[in-house]
>>> print(open('run_8.pdb').read())   # PDB, C-alpha atoms
ATOM      1  CA  MET K   1      35.750 -15.408 181.911
ATOM      2  CA  ALA K   2      33.614 -17.538 179.597
ATOM      3  CA  ASP K   3      35.610 -18.438 176.543
ATOM      4  CA  ARG K   4      32.522 -18.893 174.354
ATOM      5  CA  ILE K   5      29.692 -16.375 173.838
ATOM      6  CA  ILE K   6      26.604 -16.128 171.661
ATOM      7  CA  ALA K   7      26.135 -13.245 169.207
ATOM      8  CA  LYS K   8      22.735 -11.541 169.215
ATOM      9  CA  PRO K   9      21.106  -9.325 166.606
ATOM     10  CA  LEU K  10      22.450  -5.778 166.803
ATOM     11  CA  ASP K  11      20.047  -3.420 168.507
ATOM     12  CA  SER K  12      20.590   0.209 169.464
ATOM     13  CA  LYS K  13      19.212  -0.258 172.965
ATOM     14  CA  ALA K  14      21.373  -3.247 173.898
ATOM     15  CA  PHE K  15      24.383  -1.603 172.238
ATOM     16  CA  GLY K  16      23.908   1.856 173.743
ATOM     17  CA  ALA K  17      26.621   1.582 176.386
ATOM     18  CA  PHE K  18      29.169   0.773 173.686
ATOM     19  CA  GLY K  19      28.065   2.984 170.820
ATOM     20  CA  ASP K  20      25.404   4.008 168.341
ATOM     21  CA  VAL K  21      23.454   1.985 165.795
ATOM     22  CA  ILE K  22      22.291   4.234 162.974
ATOM     23  CA  GLU K  23      19.563   3.035 160.652
ATOM     24  CA  ALA K  24      16.337   4.147 158.968
ATOM     25  CA  GLU K  25      14.026   3.014 161.766
ATOM     26  CA  GLY K  26      10.866   4.843 162.775
ATOM     27  CA  SER K  27      10.110   8.351 161.573
ATOM     28  CA  PRO K  28      12.854  10.608 160.243
ATOM     29  CA  ASP K  29      13.597  13.802 162.129
ATOM     30  CA  ARG K  30      12.764  15.863 159.064
ATOM     31  CA  LEU K  31      11.745  15.582 155.442
ATOM     32  CA  ILE K  32      13.942  17.311 152.875
ATOM     33  CA  ASN K  33      14.087  17.594 149.099
ATOM     34  CA  ALA K  34      10.376  18.320 148.640
ATOM     35  CA  GLY K  35       9.438  15.375 150.839
ATOM     36  CA  LEU K  36      11.390  12.806 148.825
ATOM     37  CA  CYS K  37      14.064  12.212 151.467
ATOM     38  CA  GLY K  38      13.908  11.560 155.205
ATOM     39  CA  ARG K  39      16.777  12.797 157.363
ATOM     40  CA  PHE K  40      17.574  10.905 160.564
ATOM     41  CA  HIS K  41      19.596  13.729 161.981
ATOM     42  CA  ASP K  42      22.909  13.695 163.846
ATOM     43  CA  ARG K  43      22.598  10.196 165.252
ATOM     44  CA  ALA K  44      26.138   9.396 166.396
ATOM     45  CA  ARG K  45      28.142  10.387 169.447
ATOM     46  CA  LEU K  46      31.183  11.388 167.416
ATOM     47  CA  ASP K  47      34.307  12.332 169.338
ATOM     48  CA  PHE K  48      37.655  13.218 167.810
ATOM     49  CA  GLY K  49      39.338  14.584 170.926
ATOM     50  CA  ASP K  50      42.155  16.934 170.011
ATOM     51  CA  GLY K  51      42.306  15.540 166.464
ATOM     52  CA  ARG K  52      40.020  15.929 163.495
ATOM     53  CA  ALA K  53      37.488  13.763 161.668
ATOM     54  CA  GLY K  54      38.816  11.644 158.810
ATOM     55  CA  LEU K  55      37.005   9.450 156.317
ATOM     56  CA  SER K  56      38.735   6.233 155.276
ATOM     57  CA  LEU K  57      37.713   3.001 153.606
ATOM     58  CA  PHE K  58      38.387  -0.454 155.047
ATOM     59  CA  ASP K  59      38.422  -3.547 152.846
ATOM     60  CA  ALA K  60      38.277  -6.599 155.118
ATOM     61  CA  GLU K  61      38.371 -10.331 154.519
ATOM     62  CA  ALA K  62      35.388 -12.540 155.300
ATOM     63  CA  ARG K  63      35.002 -14.106 158.733
ATOM     64  CA  HIS K  64      32.985 -17.189 159.574
ATOM     65  CA  TRP K  65      31.340 -18.945 162.512
ATOM     66  CA  PRO K  66      32.588 -19.685 165.041
ATOM     67  CA  LEU K  67      34.492 -16.391 165.162
ATOM     68  CA  ARG K  68      37.850 -16.665 166.881
ATOM     69  CA  VAL K  69      38.796 -13.503 168.777
ATOM     70  CA  ASP K  70      42.398 -13.471 169.925
ATOM     71  CA  LEU K  71      42.757  -9.718 170.201
ATOM     72  CA  VAL K  72      40.594  -6.785 171.198
ATOM     73  CA  GLU K  73      41.524  -3.148 170.940
ATOM     74  CA  ARG K  74      40.334   0.306 171.875
ATOM     75  CA  HIS K  75      40.937   3.860 170.714
ATOM     76  CA  PRO K  76      41.596   6.131 173.693
ATOM     77  CA  GLU K  77      41.445   9.338 171.652
ATOM     78  CA  GLY K  78      38.221   9.052 169.679
ATOM     79  CA  SER K  79      35.141   7.308 168.349
ATOM     80  CA  GLN K  80      35.123   5.081 165.272
ATOM     81  CA  ALA K  81      32.147   4.604 162.949
ATOM     82  CA  PHE K  82      31.721   1.779 160.422
ATOM     83  CA  MET K  83      29.429   2.273 157.437
ATOM     84  CA  PRO K  84      28.910  -0.889 155.366
ATOM     85  CA  VAL K  85      29.016   0.159 151.702
ATOM     86  CA  SER K  86      29.223  -3.333 150.192
ATOM     87  CA  GLY K  87      26.173  -4.826 151.892
ATOM     88  CA  ALA K  88      28.093  -7.037 154.313
ATOM     89  CA  ARG K  89      26.904  -7.730 157.825
ATOM     90  CA  MET K  90      29.366  -7.357 160.702
ATOM     91  CA  ILE K  91      30.071  -9.384 163.793
ATOM     92  CA  VAL K  92      30.689  -6.759 166.477
ATOM     93  CA  VAL K  93      32.424  -7.922 169.642
ATOM     94  CA  VAL K  94      32.626  -5.463 172.529
ATOM     95  CA  ALA K  95      33.549  -5.588 176.200
ATOM     96  CA  GLU K  96      33.293  -3.496 179.315
ATOM     97  CA  ASP K  97      36.437  -2.192 180.958
ATOM     98  CA  ASP K  98      37.673  -3.024 184.433
ATOM     99  CA  GLY K  99      40.768  -1.003 185.215
ATOM    100  CA  GLY K 100      42.304  -1.436 181.789
ATOM    101  CA  LYS K 101      41.162  -5.024 181.314
ATOM    102  CA  PRO K 102      38.286  -6.015 179.005
ATOM    103  CA  VAL K 103      35.541  -7.923 180.838
ATOM    104  CA  ASN K 104      31.987  -9.089 180.152
ATOM    105  CA  TYR K 105      32.265  -9.651 176.427
ATOM    106  CA  GLN K 106      29.192  -9.309 174.232
ATOM    107  CA  ALA K 107      28.757 -10.005 170.525
ATOM    108  CA  PHE K 108      26.261  -8.651 168.006
ATOM    109  CA  VAL K 109      25.485  -9.226 164.354
ATOM    110  CA  SER K 110      24.444  -6.246 162.249
ATOM    111  CA  GLN K 111      21.925  -6.229 159.445
ATOM    112  CA  PRO K 112      22.966  -4.921 156.020
ATOM    113  CA  GLY K 113      22.711  -1.141 156.120
ATOM    114  CA  GLN K 114      23.195  -0.733 159.857
ATOM    115  CA  VAL K 115      25.918   1.766 160.740
ATOM    116  CA  VAL K 116      27.866   1.229 163.955
ATOM    117  CA  ASN K 117      29.668   3.987 165.850
ATOM    118  CA  LEU K 118      31.919   2.793 168.668
ATOM    119  CA  LEU K 119      32.415   5.248 171.509
ATOM    120  CA  ARG K 120      35.880   6.388 172.494
ATOM    121  CA  ASN K 121      37.753   3.833 174.575
ATOM    122  CA  VAL K 122      35.335   0.938 174.067
ATOM    123  CA  TRP K 123      37.049  -2.454 173.806
ATOM    124  CA  HIS K 124      36.134  -4.144 170.529
ATOM    125  CA  GLY K 125      37.167  -6.903 168.171
ATOM    126  CA  VAL K 126      38.577  -6.045 164.771
ATOM    127  CA  LEU K 127      36.297  -5.489 161.785
ATOM    128  CA  ALA K 128      34.618  -8.800 160.928
ATOM    129  CA  PRO K 129      32.396  -8.932 157.834
ATOM    130  CA  LEU K 130      30.250 -12.037 158.082
ATOM    131  CA  GLY K 131      30.582 -14.622 155.330
ATOM    132  CA  GLU K 132      31.840 -12.287 152.614
ATOM    133  CA  ARG K 133      34.609  -9.765 152.003
ATOM    134  CA  GLY K 134      33.332  -6.318 153.013
ATOM    135  CA  GLN K 135      34.052  -2.673 152.374
ATOM    136  CA  PHE K 136      33.263  -0.113 155.045
ATOM    137  CA  ALA K 137      33.574   3.652 155.098
ATOM    138  CA  VAL K 138      35.215   4.450 158.437
ATOM    139  CA  LEU K 139      34.953   7.746 160.270
ATOM    140  CA  ASP K 140      37.554   8.153 162.971
ATOM    141  CA  ARG K 141      40.093  10.477 164.480
ATOM    142  CA  ILE K 142      43.106  11.692 162.557
ATOM    143  CA  GLY K 143      45.726  13.226 164.808
ATOM    144  CA  ALA K 144      49.014  12.985 166.584
ATOM    145  CA  GLY K 145      49.837  10.373 169.175
ATOM    146  CA  ALA K 146      48.921   6.735 169.671
ATOM    147  CA  ASN K 147      45.211   6.053 169.391
ATOM    148  CA  LEU K 148      45.351   2.301 169.703
ATOM    149  CA  GLU K 149      45.557   0.013 172.709
ATOM    150  CA  GLU K 150      45.576  -3.722 172.096
ATOM    151  CA  TYR K 151      44.731  -6.578 174.448
ATOM    152  CA  PRO K 152      45.586 -10.142 173.399
ATOM    153  CA  LEU K 153      43.257 -12.906 174.527
ATOM    154  CA  THR K 154      44.882 -16.135 175.664
ATOM    155  CA  PRO K 155      43.092 -18.450 175.246
ATOM    156  CA  PRO K 156      40.999 -16.893 172.484
ATOM    157  CA  LEU K 157      37.309 -16.097 172.820
ATOM    158  CA  TRP K 158      34.960 -17.966 170.493
ATOM    159  CA  VAL K 159      31.708 -16.490 169.229
ATOM    160  CA  ASP K 160      28.765 -18.546 167.966
ATOM    161  CA  PRO K 161      25.600 -17.156 166.392
ATOM    162  CA  ALA K 162      22.241 -17.109 168.133
ATOM    163  CA  GLU K 163      19.700 -19.285 166.397
ATOM    164  CA  GLY K 164      18.637 -17.755 163.081
ATOM    165  CA  LEU K 165      21.724 -15.585 162.599
TER     166      LEU K 165
ATOM    167  CA  MET J   1      22.774  26.643 128.754
ATOM    168  CA  ALA J   2      22.021  23.154 127.462
ATOM    169  CA  ASP J   3      18.886  21.822 129.129
ATOM    170  CA  ARG J   4      19.860  18.179 128.591
ATOM    171  CA  ILE J   5      23.113  16.502 129.642
ATOM    172  CA  ILE J   6      24.500  12.989 129.650
ATOM    173  CA  ALA J   7      25.580  11.266 132.878
ATOM    174  CA  LYS J   8      28.948   9.508 132.836
ATOM    175  CA  PRO J   9      30.360   6.865 135.166
ATOM    176  CA  LEU J  10      31.644   8.429 138.374
ATOM    177  CA  ASP J  11      35.402   8.703 138.418
ATOM    178  CA  SER J  12      37.612  10.391 141.008
ATOM    179  CA  LYS J  13      39.678  12.204 138.403
ATOM    180  CA  ALA J  14      36.754  13.730 136.499
ATOM    181  CA  PHE J  15      35.023  14.531 139.780
ATOM    182  CA  GLY J  16      38.037  16.006 141.553
ATOM    183  CA  ALA J  17      37.089  19.665 141.174
ATOM    184  CA  PHE J  18      33.756  18.954 142.879
ATOM    185  CA  GLY J  19      34.696  16.428 145.510
ATOM    186  CA  ASP J  20      36.145  13.066 146.429
ATOM    187  CA  VAL J  21      35.238   9.561 145.309
ATOM    188  CA  ILE J  22      36.256   7.044 147.951
ATOM    189  CA  GLU J  23      36.493   3.369 147.034
ATOM    190  CA  ALA J  24      38.708   0.298 147.390
ATOM    191  CA  GLU J  25      40.720   0.912 144.232
ATOM    192  CA  GLY J  26      44.393   0.101 143.914
ATOM    193  CA  SER J  27      46.552  -0.717 146.913
ATOM    194  CA  PRO J  28      45.508   0.278 150.424
ATOM    195  CA  ASP J  29      47.687   2.740 152.310
ATOM    196  CA  ARG J  30      48.278   0.197 155.043
ATOM    197  CA  LEU J  31      47.338  -3.286 156.157
ATOM    198  CA  ILE J  32      45.825  -3.666 159.614
ATOM    199  CA  ASN J  33      44.376  -6.487 161.722
ATOM    200  CA  ALA J  34      47.189  -8.957 161.008
ATOM    201  CA  GLY J  35      46.955  -8.301 157.285
ATOM    202  CA  LEU J  36      43.248  -9.125 157.028
ATOM    203  CA  CYS J  37      42.104  -5.552 156.359
ATOM    204  CA  GLY J  38      43.323  -2.835 153.998
ATOM    205  CA  ARG J  39      42.958   0.778 155.086
ATOM    206  CA  PHE J  40      42.558   3.440 152.393
ATOM    207  CA  HIS J  41      43.438   6.237 154.741
ATOM    208  CA  ASP J  42      41.897   9.691 155.150
ATOM    209  CA  ARG J  43      40.567   9.988 151.617
ATOM    210  CA  ALA J  44      38.121  12.907 151.857
ATOM    211  CA  ARG J  45      38.564  16.641 151.990
ATOM    212  CA  LEU J  46      36.259  17.079 154.966
ATOM    213  CA  ASP J  47      35.449  20.626 156.036
ATOM    214  CA  PHE J  48      33.073  21.591 158.803
ATOM    215  CA  GLY J  49      33.994  25.281 159.064
ATOM    216  CA  ASP J  50      33.094  26.681 162.470
ATOM    217  CA  GLY J  51      30.731  23.753 163.123
ATOM    218  CA  ARG J  52      31.351  20.108 163.939
ATOM    219  CA  ALA J  53      31.050  16.797 162.102
ATOM    220  CA  GLY J  54      27.687  15.020 162.349
ATOM    221  CA  LEU J  55      26.608  11.622 161.111
ATOM    222  CA  SER J  56      23.042  11.300 159.824
ATOM    223  CA  LEU J  57      21.122   8.844 157.689
ATOM    224  CA  PHE J  58      19.159   9.796 154.580
ATOM    225  CA  ASP J  59      16.377   7.573 153.240
ATOM    226  CA  ALA J  60      15.562   8.760 149.712
ATOM    227  CA  GLU J  61      12.990   7.723 147.124
ATOM    228  CA  ALA J  62      14.042   6.134 143.844
ATOM    229  CA  ARG J  63      14.746   8.313 140.817
ATOM    230  CA  HIS J  64      14.615   7.235 137.200
ATOM    231  CA  TRP J  65      15.866   8.233 133.766
ATOM    232  CA  PRO J  66      15.595  10.823 132.479
ATOM    233  CA  LEU J  67      16.303  12.629 135.740
ATOM    234  CA  ARG J  68      14.515  15.958 136.059
ATOM    235  CA  VAL J  69      16.543  18.540 137.981
ATOM    236  CA  ASP J  70      14.547  21.623 138.894
ATOM    237  CA  LEU J  71      16.679  22.690 141.830
ATOM    238  CA  VAL J  72      20.326  22.651 142.765
ATOM    239  CA  GLU J  73      21.780  23.614 146.105
ATOM    240  CA  ARG J  74      25.059  24.206 147.875
ATOM    241  CA  HIS J  75      26.329  24.258 151.439
ATOM    242  CA  PRO J  76      28.440  27.363 152.048
ATOM    243  CA  GLU J  77      29.680  26.232 155.465
ATOM    244  CA  GLY J  78      30.901  22.694 154.886
ATOM    245  CA  SER J  79      31.457  19.510 152.932
ATOM    246  CA  GLN J  80      28.875  16.729 152.672
ATOM    247  CA  ALA J  81      29.692  13.039 152.207
ATOM    248  CA  PHE J  82      27.263  10.342 151.060
ATOM    249  CA  MET J  83      27.931   6.705 151.958
ATOM    250  CA  PRO J  84      25.554   4.248 150.291
ATOM    251  CA  VAL J  85      24.628   1.633 152.900
ATOM    252  CA  SER J  86      21.768  -0.024 150.980
ATOM    253  CA  GLY J  87      23.651  -0.772 147.764
ATOM    254  CA  ALA J  88      21.969   1.894 145.658
ATOM    255  CA  ARG J  89      23.796   3.785 142.951
ATOM    256  CA  MET J  90      23.484   7.587 142.867
ATOM    257  CA  ILE J  91      23.019  10.070 140.078
ATOM    258  CA  VAL J  92      25.260  12.981 141.089
ATOM    259  CA  VAL J  93      24.638  16.307 139.342
ATOM    260  CA  VAL J  94      27.148  19.093 139.957
ATOM    261  CA  ALA J  95      27.904  22.493 138.474
ATOM    262  CA  GLU J  96      30.606  25.116 138.513
ATOM    263  CA  ASP J  97      29.904  28.521 140.001
ATOM    264  CA  ASP J  98      29.956  31.828 138.175
ATOM    265  CA  GLY J  99      29.357  34.655 140.623
ATOM    266  CA  GLY J 100      26.658  32.846 142.545
ATOM    267  CA  LYS J 101      25.074  31.169 139.521
ATOM    268  CA  PRO J 102      25.526  27.461 138.700
ATOM    269  CA  VAL J 103      27.008  26.904 135.237
ATOM    270  CA  ASN J 104      28.463  24.019 133.237
ATOM    271  CA  TYR J 105      26.443  21.196 134.687
ATOM    272  CA  GLN J 106      27.875  17.687 134.761
ATOM    273  CA  ALA J 107      26.275  14.425 135.823
ATOM    274  CA  PHE J 108      27.782  11.182 137.081
ATOM    275  CA  VAL J 109      26.493   7.764 138.085
ATOM    276  CA  SER J 110      28.163   6.001 140.998
ATOM    277  CA  GLN J 111      28.757   2.303 141.338
ATOM    278  CA  PRO J 112      27.476   0.475 144.429
ATOM    279  CA  GLY J 113      29.963   1.051 147.216
ATOM    280  CA  GLN J 114      31.389   4.324 145.930
ATOM    281  CA  VAL J 115      31.372   7.068 148.548
ATOM    282  CA  VAL J 116      31.010  10.666 147.376
ATOM    283  CA  ASN J 117      32.195  13.691 149.347
ATOM    284  CA  LEU J 118      31.061  17.054 147.970
ATOM    285  CA  LEU J 119      33.349  19.965 148.724
ATOM    286  CA  ARG J 120      32.057  23.014 150.526
ATOM    287  CA  ASN J 121      30.055  25.350 148.295
ATOM    288  CA  VAL J 122      29.782  22.997 145.299
ATOM    289  CA  TRP J 123      26.433  23.264 143.475
ATOM    290  CA  HIS J 124      24.721  19.881 143.369
ATOM    291  CA  GLY J 125      21.401  18.195 142.755
ATOM    292  CA  VAL J 126      19.574  16.534 145.617
ATOM    293  CA  LEU J 127      20.268  12.934 146.580
ATOM    294  CA  ALA J 128      19.086  10.682 143.734
ATOM    295  CA  PRO J 129      19.281   6.892 144.230
ATOM    296  CA  LEU J 130      18.989   5.285 140.820
ATOM    297  CA  GLY J 131      16.084   2.907 140.266
ATOM    298  CA  GLU J 132      15.536   1.956 143.900
ATOM    299  CA  ARG J 133      14.918   3.571 147.271
ATOM    300  CA  GLY J 134      18.289   4.167 148.944
ATOM    301  CA  GLN J 135      19.738   4.722 152.388
ATOM    302  CA  PHE J 136      22.903   6.750 152.789
ATOM    303  CA  ALA J 137      24.967   7.624 155.812
ATOM    304  CA  VAL J 138      25.678  11.346 155.489
ATOM    305  CA  LEU J 139      28.582  13.165 157.082
ATOM    306  CA  ASP J 140      28.117  16.924 157.143
ATOM    307  CA  ARG J 141      28.393  20.020 159.251
ATOM    308  CA  ILE J 142      26.276  20.536 162.335
ATOM    309  CA  GLY J 143      26.314  24.114 163.502
ATOM    310  CA  ALA J 144      24.595  27.457 163.792
ATOM    311  CA  GLY J 145      23.538  29.544 160.830
ATOM    312  CA  ALA J 146      22.151  28.759 157.388
ATOM    313  CA  ASN J 147      24.172  26.195 155.503
ATOM    314  CA  LEU J 148      21.936  25.897 152.473
ATOM    315  CA  GLU J 149      21.645  27.970 149.334
ATOM    316  CA  GLU J 150      19.114  26.867 146.728
ATOM    317  CA  TYR J 151      18.926  27.724 143.038
ATOM    318  CA  PRO J 152      15.758  26.813 141.113
ATOM    319  CA  LEU J 153      16.164  25.813 137.473
ATOM    320  CA  THR J 154      13.531  27.107 135.054
ATOM    321  CA  PRO J 155      13.200  25.323 132.746
ATOM    322  CA  PRO J 156      14.478  22.168 134.442
ATOM    323  CA  LEU J 157      17.629  20.349 133.433
ATOM    324  CA  TRP J 158      17.180  16.805 132.141
ATOM    325  CA  VAL J 159      19.806  14.100 132.581
ATOM    326  CA  ASP J 160      20.079  11.007 130.405
ATOM    327  CA  PRO J 161      22.443   8.091 130.967
ATOM    328  CA  ALA J 162      25.490   7.432 128.815
ATOM    329  CA  GLU J 163      25.221   4.162 126.927
ATOM    330  CA  GLY J 164      25.570   1.201 129.263
ATOM    331  CA  LEU J 165      24.559   3.043 132.455
TER     332      LEU J 165
END
>>> encode(input="run_8.pdb", output="structure tokens")
Amino acid sequence: MADRIIAKPLDSKAFGAFGDVIEAEGSPDRLINAGLCGRFHDRARLDFGDGRAGLSLFDAEARHWPLRVDLVERHPEGSQAFMPVSGARMIVVVAEDDGGKPVNYQAFVSQPGQVVNLLRNVWHGVLAPLGERGQFAVLDRIGAGANLEEYPLTPPLWVDPAEGL
Amino acid sequence: MADRIIAKPLDSKAFGAFGDVIEAEGSPDRLINAGLCGRFHDRARLDFGDGRAGLSLFDAEARHWPLRVDLVERHPEGSQAFMPVSGARMIVVVAEDDGGKPVNYQAFVSQPGQVVNLLRNVWHGVLAPLGERGQFAVLDRIGAGANLEEYPLTPPLWVDPAEGL
């Protein structure tokens, strides 16, 4: 496993295997409010398993380049969406799974306003607002039972930005 | 009915009968990610009735003072949460219900970063970003059947800002 990867701009196509990127791109699905508002409708693969949806707020400290990742985690019981309400960008680290082990790490950097919804059971780094403290509305599963699996990385993974990020 | 009201700063206590205001105020319910992130946990009275939760994105044109309100609406089948992902403030107009008729209008102005969750069946004005175009992640019910009741206001209601807003 490479211990150093390059973060790319977040893009719904490249991210599709891991989750959804929700943003006002292209034409809205419908116009509402006498044409004054575009609705991009039902854009996330939400999944709360046997639990229910809950809306929380995360207030996370700033992270900086290079990002040190010494832990990834996943939520076996549901999806988790991050909505940046303070304008911060996020560094999003994800990995594929190989029999319970995260492999093939990738990193992305969001633009302000981009919402990220991680699919159930996708390995990911913890919330990492880039360069500034950030607040995020978080939509995830509320319910009984453990919904967190952690995987420590020894040695850690380091993430550098692609040029221009 | 007064045809002119004054908008006040949005405040969870004053707004409580109509919905939830979710923000990083006070101490978080728990610290996660090795203490680097505070979680304000499960802060909205979400309600999707016989439907399911859906995450959409609204892109709405700027509104200005005085705000003209010629229509209010309500969603009889579920709650609706607005998460400002572009930094815009919102003018939030709500009313009590008296046998199917909106009465006792109130208006509020959010601060950047404040999330608003309207309870099921609460009369409200349409999404109104203040002074700039705004994008909002919206969490509401996806399901069969009509989930919209509209009430036109003739003459319109006008909303002015409290001093300092």
>>> interface_residues(input="run_8.pdb", of="chain J", to="chain K", cutoff="7 Å", atoms="only C-alpha atoms", output="ChimeraX atom specification")
/J:23-24,33,36-44,54-61,83-87,113,126
>>> write_last_selection(input="run_8.pdb", atoms="C-alpha atoms", output="PDB file, keeping the file's coordinate frame")
ATOM      1  CA  GLU J  23      36.493   3.369 147.034  1.00  0.00           C
ATOM      2  CA  ALA J  24      38.708   0.298 147.390  1.00  0.00           C
ATOM      3  CA  ASN J  33      44.376  -6.487 161.722  1.00  0.00           C
ATOM      4  CA  LEU J  36      43.248  -9.125 157.028  1.00  0.00           C
ATOM      5  CA  CYS J  37      42.104  -5.552 156.359  1.00  0.00           C
ATOM      6  CA  GLY J  38      43.323  -2.835 153.998  1.00  0.00           C
ATOM      7  CA  ARG J  39      42.958   0.778 155.086  1.00  0.00           C
ATOM      8  CA  PHE J  40      42.558   3.440 152.393  1.00  0.00           C
ATOM      9  CA  HIS J  41      43.438   6.237 154.741  1.00  0.00           C
ATOM     10  CA  ASP J  42      41.897   9.691 155.150  1.00  0.00           C
ATOM     11  CA  ARG J  43      40.567   9.988 151.617  1.00  0.00           C
ATOM     12  CA  ALA J  44      38.121  12.907 151.857  1.00  0.00           C
ATOM     13  CA  GLY J  54      27.687  15.020 162.349  1.00  0.00           C
ATOM     14  CA  LEU J  55      26.608  11.622 161.111  1.00  0.00           C
ATOM     15  CA  SER J  56      23.042  11.300 159.824  1.00  0.00           C
ATOM     16  CA  LEU J  57      21.122   8.844 157.689  1.00  0.00           C
ATOM     17  CA  PHE J  58      19.159   9.796 154.580  1.00  0.00           C
ATOM     18  CA  ASP J  59      16.377   7.573 153.240  1.00  0.00           C
ATOM     19  CA  ALA J  60      15.562   8.760 149.712  1.00  0.00           C
ATOM     20  CA  GLU J  61      12.990   7.723 147.124  1.00  0.00           C
ATOM     21  CA  MET J  83      27.931   6.705 151.958  1.00  0.00           C
ATOM     22  CA  PRO J  84      25.554   4.248 150.291  1.00  0.00           C
ATOM     23  CA  VAL J  85      24.628   1.633 152.900  1.00  0.00           C
ATOM     24  CA  SER J  86      21.768  -0.024 150.980  1.00  0.00           C
ATOM     25  CA  GLY J  87      23.651  -0.772 147.764  1.00  0.00           C
ATOM     26  CA  GLY J 113      29.963   1.051 147.216  1.00  0.00           C
ATOM     27  CA  VAL J 126      19.574  16.534 145.617  1.00  0.00           C
TER      28      VAL J 126
END
>>> resolve_selection(input="run_8.pdb", expression="the PyMOL selection byres ((chain K and resi 124) around 8)", output="CSV table (one decimal) with C-alpha atoms, keeping the file's coordinate frame")
chain,number,residue,atom,x,y,z
K,72,VAL,CA,40.6,-6.8,171.2
K,73,GLU,CA,41.5,-3.1,170.9
K,74,ARG,CA,40.3,0.3,171.9
K,92,VAL,CA,30.7,-6.8,166.5
K,93,VAL,CA,32.4,-7.9,169.6
K,94,VAL,CA,32.6,-5.5,172.5
K,95,ALA,CA,33.5,-5.6,176.2
K,122,VAL,CA,35.3,0.9,174.1
K,123,TRP,CA,37.0,-2.5,173.8
K,125,GLY,CA,37.2,-6.9,168.2
K,126,VAL,CA,38.6,-6.0,164.8
>>> residues_around(input="run_8.pdb", residues="Glu163 in chain J", least_positions_apart="3", cutoff="12 Å", atoms="only C-alpha atoms", output="MDAnalysis selection string")
chainID J and resid 6:9 109 160
>>> write_last_selection(input="run_8.pdb", atoms="C-alpha atoms", output="PDB file, in the coordinates of the input")
ATOM      1  CA  ILE J   6      24.500  12.989 129.650  1.00  0.00           C
ATOM      2  CA  ALA J   7      25.580  11.266 132.878  1.00  0.00           C
ATOM      3  CA  LYS J   8      28.948   9.508 132.836  1.00  0.00           C
ATOM      4  CA  PRO J   9      30.360   6.865 135.166  1.00  0.00           C
ATOM      5  CA  VAL J 109      26.493   7.764 138.085  1.00  0.00           C
ATOM      6  CA  ASP J 160      20.079  11.007 130.405  1.00  0.00           C
TER       7      ASP J 160
END
>>> residues_around(input="run_8.pdb", residues="Gln111 in chain K", least_positions_apart="5", cutoff="8 Å", atoms="all atoms listed in the file", output="number ranges by chain")
K: 9-10, 89-90
>>> residues_around(input="run_8.pdb", residues="Ala144 in chain J", least_positions_apart="2", cutoff="9 Å", atoms="only C-alpha atoms", output="PyMOL selection string")
chain J and resi 50-51+142+146-147
>>> atom_distance(input="run_8.pdb", atom1="CA of Gly99 in chain J", atom2="CA of Asp20 in chain J")
23.4 Å
>>> resolve_selection(input="run_8.pdb", expression="the PyMOL selection byres ((chain J and resi 75) around 6)", output="VMD selection string")
chain J and resid 74 76 to 78 120 to 121 147 to 148
>>> write_last_selection(input="run_8.pdb", atoms="C-alpha atoms", output="PDB file, in the frame of the given file")
ATOM      1  CA  ARG J  74      25.059  24.206 147.875  1.00  0.00           C
ATOM      2  CA  PRO J  76      28.440  27.363 152.048  1.00  0.00           C
ATOM      3  CA  GLU J  77      29.680  26.232 155.465  1.00  0.00           C
ATOM      4  CA  GLY J  78      30.901  22.694 154.886  1.00  0.00           C
ATOM      5  CA  ARG J 120      32.057  23.014 150.526  1.00  0.00           C
ATOM      6  CA  ASN J 121      30.055  25.350 148.295  1.00  0.00           C
ATOM      7  CA  ASN J 147      24.172  26.195 155.503  1.00  0.00           C
ATOM      8  CA  LEU J 148      21.936  25.897 152.473  1.00  0.00           C
TER       9      LEU J 148
END
>>> atom_distance(input="run_8.pdb", atom1="CA of Gly19 in chain K", atom2="CA of Val116 in chain K")
7.1 Å
>>> resolve_selection(input="run_8.pdb", expression="the PyMOL selection byres ((chain J and resi 159) around 9)", output="short mmCIF file (atom, residue, chain, number, x, y, z; two decimals) with C-alpha atoms, in the coordinates of the input")
data_model
loop_
_atom_site.label_atom_id
_atom_site.label_comp_id
_atom_site.auth_asym_id
_atom_site.auth_seq_id
_atom_site.Cartn_x
_atom_site.Cartn_y
_atom_site.Cartn_z
CA ASP J 3 18.89 21.82 129.13
CA ARG J 4 19.86 18.18 128.59
CA ILE J 5 23.11 16.50 129.64
CA ILE J 6 24.50 12.99 129.65
CA ALA J 7 25.58 11.27 132.88
CA TRP J 65 15.87 8.23 133.77
CA PRO J 66 15.60 10.82 132.48
CA LEU J 67 16.30 12.63 135.74
CA ARG J 68 14.52 15.96 136.06
CA VAL J 69 16.54 18.54 137.98
CA VAL J 93 24.64 16.31 139.34
CA ALA J 107 26.28 14.42 135.82
CA LEU J 157 17.63 20.35 133.43
CA TRP J 158 17.18 16.80 132.14
CA ASP J 160 20.08 11.01 130.40
CA PRO J 161 22.44 8.09 130.97
#
>>> atom_distance(input="run_8.pdb", atom1="CA of Ala14 in chain J", atom2="CA of Glu150 in chain J")
24.3 Å
>>> axis_aligned_box(input="run_8.pdb", around="range 29-38 of chain J", padding_each_side="6 Å", output="JSON")
{"center_x": 45.2, "center_y": -3.2, "center_z": 157.0, "size_x": 18.2, "size_y": 23.9, "size_z": 21.4}
>>> decode(input="run_8.pdb", residues="range 110-117 of chain J", atoms="C-alpha atoms", output="short mmCIF file (atom, residue, chain, number, x, y, z; two decimals), in the first residue's frame")
data_model
loop_
_atom_site.label_atom_id
_atom_site.label_comp_id
_atom_site.auth_asym_id
_atom_site.auth_seq_id
_atom_site.Cartn_x
_atom_site.Cartn_y
_atom_site.Cartn_z
CA SER J 110 -31.29 33.27 10.18
CA GLN J 111 -27.58 33.70 10.60
CA PRO J 112 -25.21 32.00 8.15
CA GLY J 113 -24.83 28.40 9.23
CA GLN J 114 -28.15 28.08 11.04
CA VAL J 115 -30.17 25.08 9.91
CA VAL J 116 -33.96 25.31 10.05
CA ASN J 117 -36.28 22.31 10.28
#
